[in-house]
Amino acid sequence: MEDDCGASSTSPFLTDSLELAMEVEHENSRPAFFSCAFDSQNGGRGFSAESYLASGSLKRVLLRLDPSPNDYEENTVELFGFQWVTEMALVESCGFLFGLLRQQIYRLENLVQMSSSDFGQAAHLHSEAESIRHQCLKFLHYVKAFIFRYLEPPKVENDRVLHPYEELEAQLPSVLVEELHALTVHVGHLCELPSNVLAAFTIQNQAKVFPPSWHLLHLHLDINWLVLEVLHVLGEKLKRQVVYANHFINLTGENLTNISLFEKHSGNLISDLIRLAINKYTKVRPSEALTSSHYSCTCIKELWILLIQLLDHRNKGSNTECFWSLVNTTLKNILEQPSTSESVSGFDTVQCKDPLSFSWWMMNHLAPLYQFDRNGNLDEKKQKESNWKFVEELLKKSTDAQAGVLEEHLRMHLQCCLTLCSFWGLNLSVVTILWDYYSKNLNSCFTVPWLGLKDLANISKTSLSMLELVKRCCCEQQVPSLYNSSNSYFIFLSILAQIMREENNGVHPWKQIKGRIYSKFHRKRMQELTEVGLQNFFSLFLMLAIIVETEDIVSRVLDLLDFLTPSSITTARRALIWRGHFAFLLIYVEKSMDISALAEKVSNAFREKAKEFLVTKNDHTQRQNLWTLLSTYIDGVQEVFETSCYLSLSEEKLLNDGFTMLLPACRGAELSMVLNFLQVVLARLRSVHERVSQGPQLGNTAPDAQLPLVAKEHHLAVASALWRNFFPYLKSQRMSQTPPSPQLADTAAGFTLLALDIPSKALSDLQPQPVLSMMRLFGWDDMVWPQLVSRYLSHLIENSSLCEAFSSMGYTSYEALTVRSWFRCVLQMFLDQPSGAWAKTDAERTVGKAYMEQLTEMTRLIFKLSEVENILLKANVGQSVFKQDPKNALVQFIKAVGRTYSGLQTLPEKSAMVAKTLEYLGDVLKYVKPYLKAKGPPEGLQLTYWIIGCLVKFCAPILATSKAQQLLFRIVDCLLLPHSVLQQDKELPVALLSAIQESLPLYLQGLSFICCQSQTQGAYLNQLLGSIIRHYFGRFLPSSPAVPGAGQHPLLAALGSSISAPQLLRLRRTTLQVLREYYLQFRGHAPPPRLASVLAFILEVLQRTQSTELCDTDLVLPAVLKCLVLVNELQVKKISTDIVQYMVEGCQAGSGGEHATQLTSVFRQFIQDYTAVYDHRVLSILETVAVLDQTLVTSLIPTITQSLKDSEHKQGLGRNAAQREAYKRLLSHLAEAGQNEIQNLENETDQ
């Protein structure tokens, strides 16, 4: 090592000399000194410009150049306030000058005692202390310059008498050695300075006003260093001759030379610095050791670098000790001496809390200082002197079982060792020492109790995490963070990995160390490994497999695992072994190595466990243990597929028939995990196959450019394994008794897309068009759960490749069948909800948020289908429709279909639209049959009646066609006139009745339109309409008109809505006809039930429609007049009177005489029917009518008169005076015609 350094020193010497010669003109005349004041402005980067490194002071000393080229050039020099002759001062007054130096040091020490917190005083003290320090430094630098310039080596003299000055000059070297020795004794050890002075290391003052203690402390650093510089310059000037301190020797008898003083002082200085570091180390935690430096300020750091540079420089030219030798001596003393020792190497034994850790800490922080050059700049290429011998001794102490080093300290030791490996390079002895230790402790957890949860988990949960943990050992890491992220074993693996990557004289380190590693694993040792031991075993060989001979390593691992007896392998250990297998598989995949052999070994073991899982039914513990293994296998296979770039390494071997046994045995979360895994594999296969199918990139000449061509064969094999081992179970679950998991739909969609990409490998029962078969199975089958269908189709609707595939098949019903499935999914959204008392009222909560979100997404996608977009466009429906909730969106689509049909002109267009609409609807009643059968839940019934009601109303023109009438009749039979409704005495469920009440107006309005339009089935449709009104009028009619909360009758709602006049007339006529026939018929003289409510309904109809039709007069008026005659109930009379009033006034407003003629006819018949018995009531009614329409009653005079006479004739009692008086009162209201009739009656009387 020394020879190498010496051989390379000539060129740098010449270069540095030239540099200094060029920089002489720019040198600052201020002497170099230690300063950390610049830290506050410079962020602690580098060193002060006045430092010994940055100023070039050290470099000049080492290169034997003038230490102060621009200073001390005058004839005189001022030292300590006196003028001295520059060339003679040191010869003539050496002792005196050094005495003045000691006085100045004493003055500065006194200033420390006077230190004040007053700022003005502090500034004065700072200035004075700085001046004292400058004077001391100026003198010591003068000593260096004087020796270099004026001191001559001793000459061989004759016996001539010397001049007194010459005698003094000859004695100067000896005197200098004595004075320098006296100076070191005077200043003492750095570490022994008072605590208030040592505390100045921590002072940070941006104003650059420092207390005297700071100046005194740094002056001590200056003196300690400058003593070494002076001694070195003295030795170099005297051509390395030994200078004896004659006077000191004569007085004490002790030997003192310039060399012994240099060695003693440098040793003491290193000891002092180490003791200062010990004081700092007392506050350092093991976890912070690498980030906590050993120096308190940059001055200490600079002093260490200066010592490294100077000591190693001297070591190259002589037999003096190098830097590491002195450091090692001091640290060994700390390590070996008991705490009661009195003195070692001139200073008291240091009380160190953990000498071993401290030694590692010092090694770790001193080694990087070798990167600094003589100018204080970082030079990473600079040759670094290693200290491996001492570090190996430390390592042996750290791994000594008897020493019992704790894990928390061992981590730090190995962190330091790893750092040193990166600085110093290959050292197999380190690996040997560490492996001897860890091979005996593989079963240890290597945890630090006080780290708690932050400490590294012992057992990796997946093969990928196991591999990633090991990979971190194989790459460059942030070593300081390893304490918390890795245990000491993994740090050892990092050291091993770092060494394995280097070569030693052309020989790979693995060849030198493999025997040592393999020899530690024999049958007994393998059987002794616990679960933690197996984890550490795999970590070691995974790291080796990554770096060195992968196949050889894996083969050896498999052989070693065969040493384990099956009966002794617990479930946890077997799961760990499987994870280890998969970790090796991942390495194979990353290295593009075929995995067949290893995959078959682990997949065969999986098959056996899957078989056990299938037959294990009731043993929960056994199932749980088996599932631990099976889930490990599933995770491992998934990681392999996700890692593989081309899936061309026989990955299909991992998808064996074990899954055909596993899937039927899975429950709940187990099945969910397998299906999620299957989705990942499907997506990965499709993604890779698509990339491979695109072929190699243009211009790609890489060796693996042809690999994609080979990969396609493996893709076919993977696809075949998926169809064969997974799809049969998937198919069997589509019609399960309970709603399937969302993963089932996702997986089915994945298989559909796989059939699109690789159709040839789909099962034979799906051929020849597997995509179409898959859509029929999972997307268009009415028997499949809507939750599955909606999620399945949502994955596929927007897939352009799928649309193109159906187009190429010529299959035009793709979109229509998809819309039909959407209809069903919306209608069946409440299918799996409870009915009765358990039903929830909030629809959002009832359906479930997840399914609602799924339906909303499906709706959005449906509205992007080209057919649907075209319908919406023709109907002028905005695209914002799909943002609504699915129910409203479906209604909007139904409206759009109806509008689109109404806008068509030609018969072929209309016929095609009817066929398309029926295709959209499918067997819509089949979708809602579960609701009708279960009579619930209420939300399902309401949705059913509302949606189909909207269909009847808004698509009435379509349902009126011959093609669609059959569907209409089924709707009426199933929803409005089922057997239960026809039984009037049977109460309907409340939920069903409520749903019908809310939606009945839609049906009535739609049917009334159809009745107007239909030509072939008009009579039957009218009969249906009447039957519906007949059966529901009474069900929704309140017992009394004033019943609160009864709500609006649905028939009123139907009549009051904005519908066309023909529809209104048809519905109104049919309604009144039904009322006349079934609700206004008297049983003898007994009025019909709820007569007041029926009349109130009729009145409401008249008030809402505000017009009187002929049908009103013909159908209603006779019955109302009969009520006025026969019923005495005041409410009935009042309502009947109001009805008569509305009808009479309505006929007056009617155009033409048709209404008046009809009205006259009705009243004429009324008079003829009731005058004989109820003459007074009839005349009273006519009096009321006369007020409303005098002309009408006037026209009835002949009829009234004749009826009067007929009544008298039948009675046979002659003229009825009372009756005639009542009749005259009526006639008195009829103006002239009435008077004339009165006169005629009186004339008859006179006769």
# chains A, B, ... in the order shown; residues from 1 in each chain; ligands from 1
>>> residues_around(residues="segment 963-979 of chain A", least_positions_apart="5", cutoff="8 Å", atoms="only C-alpha atoms", output="PyMOL selection string")
chain A and resi 914-915+918+925+945+952+958+996+1028
>>> closest_residue(among="A:Ser359, A:Asn876, A:Ser131, A:Ser386", to="Ser398 of chain A", atoms="only C-alpha atoms")
A:Ser359
>>> select_by_dssp(residues="segment 860-926 of chain A", states="helix (DSSP H, G or I)", output="number ranges by chain")
A: 860-862, 866-874, 879-883, 886-902, 907-921, 924-926
>>> closest_atom_pairs(of="segment 413-481 of chain A", to="segment 376-382 of chain A", cutoff="12 Å", atoms="only C-alpha atoms", output="JSON lines")
{"residue": "A:Ser422", "atom": "CA", "partner": "A:Glu380", "partner_atom": "CA", "distance": 11.4}
{"residue": "A:Phe423", "atom": "CA", "partner": "A:Glu380", "partner_atom": "CA", "distance": 9.4}
{"residue": "A:Trp424", "atom": "CA", "partner": "A:Lys382", "partner_atom": "CA", "distance": 11.5}
>>> write_last_selection(atoms="N, CA and C atoms", output="PDB file, in the first residue's frame")
ATOM      1  N   SER A 422     -18.071   0.102   1.088  1.00  0.00           N
ATOM      2  CA  SER A 422     -18.234   0.959  -0.087  1.00  0.00           C
ATOM      3  C   SER A 422     -17.037   1.887  -0.268  1.00  0.00           C
ATOM      4  N   PHE A 423     -16.322   2.182   0.835  1.00  0.00           N
ATOM      5  CA  PHE A 423     -15.133   3.032   0.731  1.00  0.00           C
ATOM      6  C   PHE A 423     -13.885   2.227   0.368  1.00  0.00           C
ATOM      7  N   TRP A 424     -13.749   1.081   0.992  1.00  0.00           N
ATOM      8  CA  TRP A 424     -12.470   0.369   0.912  1.00  0.00           C
ATOM      9  C   TRP A 424     -12.476  -0.817  -0.035  1.00  0.00           C
TER      10      TRP A 424
END
>>> residues_around(residues="segment 66-83 of chain A", least_positions_apart="3", cutoff="10 Å", atoms="only C-alpha atoms", output="NGL selection string")
:A and (20-21 or 24-32 or 56-63 or 86-89 or 97 or 100-101 or 103-104 or 132 or 134-136 or 138-139 or 141-149 or 229 or 233)
>>> residues_around(residues="Glu815 of chain A", least_positions_apart="3", cutoff="8 Å", atoms="only C-alpha atoms", output="mmCIF file with N, CA, C and O atoms, in the first residue's frame")
data_model
loop_
_atom_site.group_PDB
_atom_site.id
_atom_site.type_symbol
_atom_site.label_atom_id
_atom_site.label_comp_id
_atom_site.auth_asym_id
_atom_site.auth_seq_id
_atom_site.Cartn_x
_atom_site.Cartn_y
_atom_site.Cartn_z
ATOM 1 N N THR A 812 -77.121 -8.176 -36.102
ATOM 2 C CA THR A 812 -77.595 -6.795 -35.960
ATOM 3 C C THR A 812 -78.349 -6.540 -34.664
ATOM 4 O O THR A 812 -78.666 -5.401 -34.343
ATOM 5 N N THR A 818 -78.936 -5.684 -25.913
ATOM 6 C CA THR A 818 -78.279 -5.016 -24.785
ATOM 7 C C THR A 818 -79.231 -4.037 -24.121
ATOM 8 O O THR A 818 -79.294 -3.935 -22.888
ATOM 9 N N VAL A 819 -80.011 -3.302 -24.939
ATOM 10 C CA VAL A 819 -81.019 -2.393 -24.384
ATOM 11 C C VAL A 819 -82.079 -3.194 -23.624
ATOM 12 O O VAL A 819 -82.537 -2.787 -22.553
ATOM 13 N N LEU A 865 -74.971 3.990 -27.133
ATOM 14 C CA LEU A 865 -75.147 3.078 -28.250
ATOM 15 C C LEU A 865 -75.715 3.838 -29.444
ATOM 16 O O LEU A 865 -76.555 4.739 -29.288
ATOM 17 N N GLU A 867 -77.863 3.054 -31.805
ATOM 18 C CA GLU A 867 -79.311 2.994 -31.963
ATOM 19 C C GLU A 867 -80.007 3.932 -30.989
ATOM 20 O O GLU A 867 -80.946 4.645 -31.344
#
>>> residues_around(residues="Glu169 of chain A", least_positions_apart="5", cutoff="12 Å", atoms="only C-alpha atoms", output="number ranges by chain")
A: 87-94, 146-147, 150-155, 162-164, 174-176
>>> residues_around(residues="segment 248-263 of chain A", least_positions_apart="6", cutoff="12 Å", atoms="only C-alpha atoms", output="NGL selection string")
:A and (173-185 or 224-236 or 238 or 240-242 or 269-270 or 307 or 310-311 or 314-315 or 318-323 or 325-326 or 345)
>>> decode(residues="segment 651-665 of chain A", atoms="all heavy atoms", output="PDB file, in the first residue's frame")
ATOM      1  N   GLU A 651     -45.555 -20.112 -18.121  1.00  0.00           N
ATOM      2  CA  GLU A 651     -46.386 -19.731 -16.985  1.00  0.00           C
ATOM      3  C   GLU A 651     -47.655 -20.567 -16.893  1.00  0.00           C
ATOM      4  O   GLU A 651     -48.256 -20.695 -15.815  1.00  0.00           O
ATOM      5  CB  GLU A 651     -46.764 -18.248 -17.071  1.00  0.00           C
ATOM      6  CG  GLU A 651     -45.634 -17.272 -16.823  1.00  0.00           C
ATOM      7  CD  GLU A 651     -44.781 -17.003 -18.048  1.00  0.00           C
ATOM      8  OE1 GLU A 651     -45.044 -17.640 -19.104  1.00  0.00           O
ATOM      9  OE2 GLU A 651     -43.872 -16.179 -17.971  1.00  0.00           O
ATOM     10  N   GLU A 652     -48.092 -21.160 -18.022  1.00  0.00           N
ATOM     11  CA  GLU A 652     -49.315 -21.963 -18.018  1.00  0.00           C
ATOM     12  C   GLU A 652     -49.213 -23.169 -17.088  1.00  0.00           C
ATOM     13  O   GLU A 652     -50.229 -23.715 -16.644  1.00  0.00           O
ATOM     14  CB  GLU A 652     -49.658 -22.423 -19.436  1.00  0.00           C
ATOM     15  CG  GLU A 652     -48.672 -23.396 -20.061  1.00  0.00           C
ATOM     16  CD  GLU A 652     -47.479 -22.709 -20.732  1.00  0.00           C
ATOM     17  OE1 GLU A 652     -47.391 -21.469 -20.646  1.00  0.00           O
ATOM     18  OE2 GLU A 652     -46.662 -23.419 -21.331  1.00  0.00           O
ATOM     19  N   LYS A 653     -48.004 -23.585 -16.769  1.00  0.00           N
ATOM     20  CA  LYS A 653     -47.814 -24.739 -15.876  1.00  0.00           C
ATOM     21  C   LYS A 653     -48.398 -24.469 -14.490  1.00  0.00           C
ATOM     22  O   LYS A 653     -48.716 -25.393 -13.748  1.00  0.00           O
ATOM     23  CB  LYS A 653     -46.325 -25.058 -15.737  1.00  0.00           C
ATOM     24  CG  LYS A 653     -45.617 -25.393 -17.050  1.00  0.00           C
ATOM     25  CD  LYS A 653     -46.004 -26.746 -17.571  1.00  0.00           C
ATOM     26  CE  LYS A 653     -45.189 -27.115 -18.804  1.00  0.00           C
ATOM     27  NZ  LYS A 653     -45.610 -28.409 -19.375  1.00  0.00           N
ATOM     28  N   LEU A 654     -48.514 -23.206 -14.155  1.00  0.00           N
ATOM     29  CA  LEU A 654     -49.013 -22.845 -12.831  1.00  0.00           C
ATOM     30  C   LEU A 654     -50.533 -22.885 -12.760  1.00  0.00           C
ATOM     31  O   LEU A 654     -51.108 -22.816 -11.670  1.00  0.00           O
ATOM     32  CB  LEU A 654     -48.522 -21.441 -12.459  1.00  0.00           C
ATOM     33  CG  LEU A 654     -47.006 -21.284 -12.318  1.00  0.00           C
ATOM     34  CD1 LEU A 654     -46.627 -19.817 -12.216  1.00  0.00           C
ATOM     35  CD2 LEU A 654     -46.496 -22.048 -11.105  1.00  0.00           C
ATOM     36  N   LEU A 655     -51.222 -22.972 -13.905  1.00  0.00           N
ATOM     37  CA  LEU A 655     -52.686 -22.949 -13.945  1.00  0.00           C
ATOM     38  C   LEU A 655     -53.212 -24.361 -14.190  1.00  0.00           C
ATOM     39  O   LEU A 655     -53.906 -24.624 -15.173  1.00  0.00           O
ATOM     40  CB  LEU A 655     -53.163 -21.993 -15.042  1.00  0.00           C
ATOM     41  CG  LEU A 655     -52.672 -20.540 -14.936  1.00  0.00           C
ATOM     42  CD1 LEU A 655     -53.091 -19.750 -16.144  1.00  0.00           C
ATOM     43  CD2 LEU A 655     -53.213 -19.890 -13.660  1.00  0.00           C
ATOM     44  N   ASN A 656     -52.927 -25.257 -13.310  1.00  0.00           N
ATOM     45  CA  ASN A 656     -53.300 -26.652 -13.556  1.00  0.00           C
ATOM     46  C   ASN A 656     -54.711 -26.952 -13.061  1.00  0.00           C
ATOM     47  O   ASN A 656     -55.438 -26.057 -12.594  1.00  0.00           O
ATOM     48  CB  ASN A 656     -52.265 -27.601 -12.931  1.00  0.00           C
ATOM     49  CG  ASN A 656     -52.252 -27.504 -11.412  1.00  0.00           C
ATOM     50  OD1 ASN A 656     -53.097 -26.872 -10.802  1.00  0.00           O
ATOM     51  ND2 ASN A 656     -51.280 -28.152 -10.794  1.00  0.00           N
ATOM     52  N   ASP A 657     -55.111 -28.216 -13.121  1.00  0.00           N
ATOM     53  CA  ASP A 657     -56.474 -28.593 -12.791  1.00  0.00           C
ATOM     54  C   ASP A 657     -56.764 -28.557 -11.294  1.00  0.00           C
ATOM     55  O   ASP A 657     -57.884 -28.864 -10.870  1.00  0.00           O
ATOM     56  CB  ASP A 657     -56.797 -29.985 -13.345  1.00  0.00           C
ATOM     57  CG  ASP A 657     -55.804 -31.038 -12.838  1.00  0.00           C
ATOM     58  OD1 ASP A 657     -54.852 -30.656 -12.130  1.00  0.00           O
ATOM     59  OD2 ASP A 657     -55.979 -32.227 -13.157  1.00  0.00           O
ATOM     60  N   GLY A 658     -55.802 -28.167 -10.506  1.00  0.00           N
ATOM     61  CA  GLY A 658     -56.081 -27.970  -9.081  1.00  0.00           C
ATOM     62  C   GLY A 658     -57.165 -26.923  -8.863  1.00  0.00           C
ATOM     63  O   GLY A 658     -57.929 -26.986  -7.891  1.00  0.00           O
ATOM     64  N   PHE A 659     -57.258 -25.957  -9.790  1.00  0.00           N
ATOM     65  CA  PHE A 659     -58.272 -24.909  -9.642  1.00  0.00           C
ATOM     66  C   PHE A 659     -59.679 -25.453  -9.865  1.00  0.00           C
ATOM     67  O   PHE A 659     -60.640 -24.893  -9.336  1.00  0.00           O
ATOM     68  CB  PHE A 659     -57.981 -23.766 -10.618  1.00  0.00           C
ATOM     69  CG  PHE A 659     -56.837 -22.893 -10.186  1.00  0.00           C
ATOM     70  CD1 PHE A 659     -55.569 -23.049 -10.731  1.00  0.00           C
ATOM     71  CD2 PHE A 659     -57.018 -21.928  -9.217  1.00  0.00           C
ATOM     72  CE1 PHE A 659     -54.516 -22.247 -10.328  1.00  0.00           C
ATOM     73  CE2 PHE A 659     -55.969 -21.116  -8.804  1.00  0.00           C
ATOM     74  CZ  PHE A 659     -54.710 -21.285  -9.354  1.00  0.00           C
ATOM     75  N   THR A 660     -59.829 -26.517 -10.650  1.00  0.00           N
ATOM     76  CA  THR A 660     -61.159 -27.090 -10.844  1.00  0.00           C
ATOM     77  C   THR A 660     -61.680 -27.697  -9.548  1.00  0.00           C
ATOM     78  O   THR A 660     -62.898 -27.808  -9.348  1.00  0.00           O
ATOM     79  CB  THR A 660     -61.125 -28.181 -11.934  1.00  0.00           C
ATOM     80  OG1 THR A 660     -60.251 -29.242 -11.514  1.00  0.00           O
ATOM     81  CG2 THR A 660     -60.615 -27.620 -13.243  1.00  0.00           C
ATOM     82  N   MET A 661     -60.789 -28.100  -8.660  1.00  0.00           N
ATOM     83  CA  MET A 661     -61.190 -28.618  -7.358  1.00  0.00           C
ATOM     84  C   MET A 661     -61.297 -27.510  -6.320  1.00  0.00           C
ATOM     85  O   MET A 661     -62.088 -27.596  -5.380  1.00  0.00           O
ATOM     86  CB  MET A 661     -60.185 -29.684  -6.896  1.00  0.00           C
ATOM     87  CG  MET A 661     -60.171 -30.929  -7.773  1.00  0.00           C
ATOM     88  SD  MET A 661     -58.918 -32.141  -7.263  1.00  0.00           S
ATOM     89  CE  MET A 661     -57.447 -31.458  -8.031  1.00  0.00           C
ATOM     90  N   LEU A 662     -60.502 -26.480  -6.493  1.00  0.00           N
ATOM     91  CA  LEU A 662     -60.490 -25.392  -5.516  1.00  0.00           C
ATOM     92  C   LEU A 662     -61.754 -24.542  -5.603  1.00  0.00           C
ATOM     93  O   LEU A 662     -62.384 -24.232  -4.585  1.00  0.00           O
ATOM     94  CB  LEU A 662     -59.255 -24.520  -5.734  1.00  0.00           C
ATOM     95  CG  LEU A 662     -59.185 -23.225  -4.915  1.00  0.00           C
ATOM     96  CD1 LEU A 662     -59.101 -23.553  -3.427  1.00  0.00           C
ATOM     97  CD2 LEU A 662     -57.983 -22.388  -5.332  1.00  0.00           C
ATOM     98  N   LEU A 663     -62.156 -24.161  -6.805  1.00  0.00           N
ATOM     99  CA  LEU A 663     -63.258 -23.205  -6.960  1.00  0.00           C
ATOM    100  C   LEU A 663     -64.568 -23.693  -6.337  1.00  0.00           C
ATOM    101  O   LEU A 663     -65.216 -22.930  -5.602  1.00  0.00           O
ATOM    102  CB  LEU A 663     -63.452 -22.887  -8.446  1.00  0.00           C
ATOM    103  CG  LEU A 663     -62.441 -21.885  -9.020  1.00  0.00           C
ATOM    104  CD1 LEU A 663     -62.457 -21.906 -10.537  1.00  0.00           C
ATOM    105  CD2 LEU A 663     -62.752 -20.483  -8.508  1.00  0.00           C
ATOM    106  N   PRO A 664     -64.995 -24.933  -6.574  1.00  0.00           N
ATOM    107  CA  PRO A 664     -66.267 -25.351  -5.952  1.00  0.00           C
ATOM    108  C   PRO A 664     -66.220 -25.380  -4.431  1.00  0.00           C
ATOM    109  O   PRO A 664     -67.268 -25.308  -3.781  1.00  0.00           O
ATOM    110  CB  PRO A 664     -66.473 -26.766  -6.518  1.00  0.00           C
ATOM    111  CG  PRO A 664     -65.618 -26.850  -7.734  1.00  0.00           C
ATOM    112  CD  PRO A 664     -64.439 -25.981  -7.454  1.00  0.00           C
ATOM    113  N   ALA A 665     -65.053 -25.464  -3.869  1.00  0.00           N
ATOM    114  CA  ALA A 665     -64.938 -25.555  -2.409  1.00  0.00           C
ATOM    115  C   ALA A 665     -64.831 -24.197  -1.738  1.00  0.00           C
ATOM    116  O   ALA A 665     -64.898 -24.104  -0.513  1.00  0.00           O
ATOM    117  CB  ALA A 665     -63.714 -26.397  -2.038  1.00  0.00           C
TER     118      ALA A 665
END
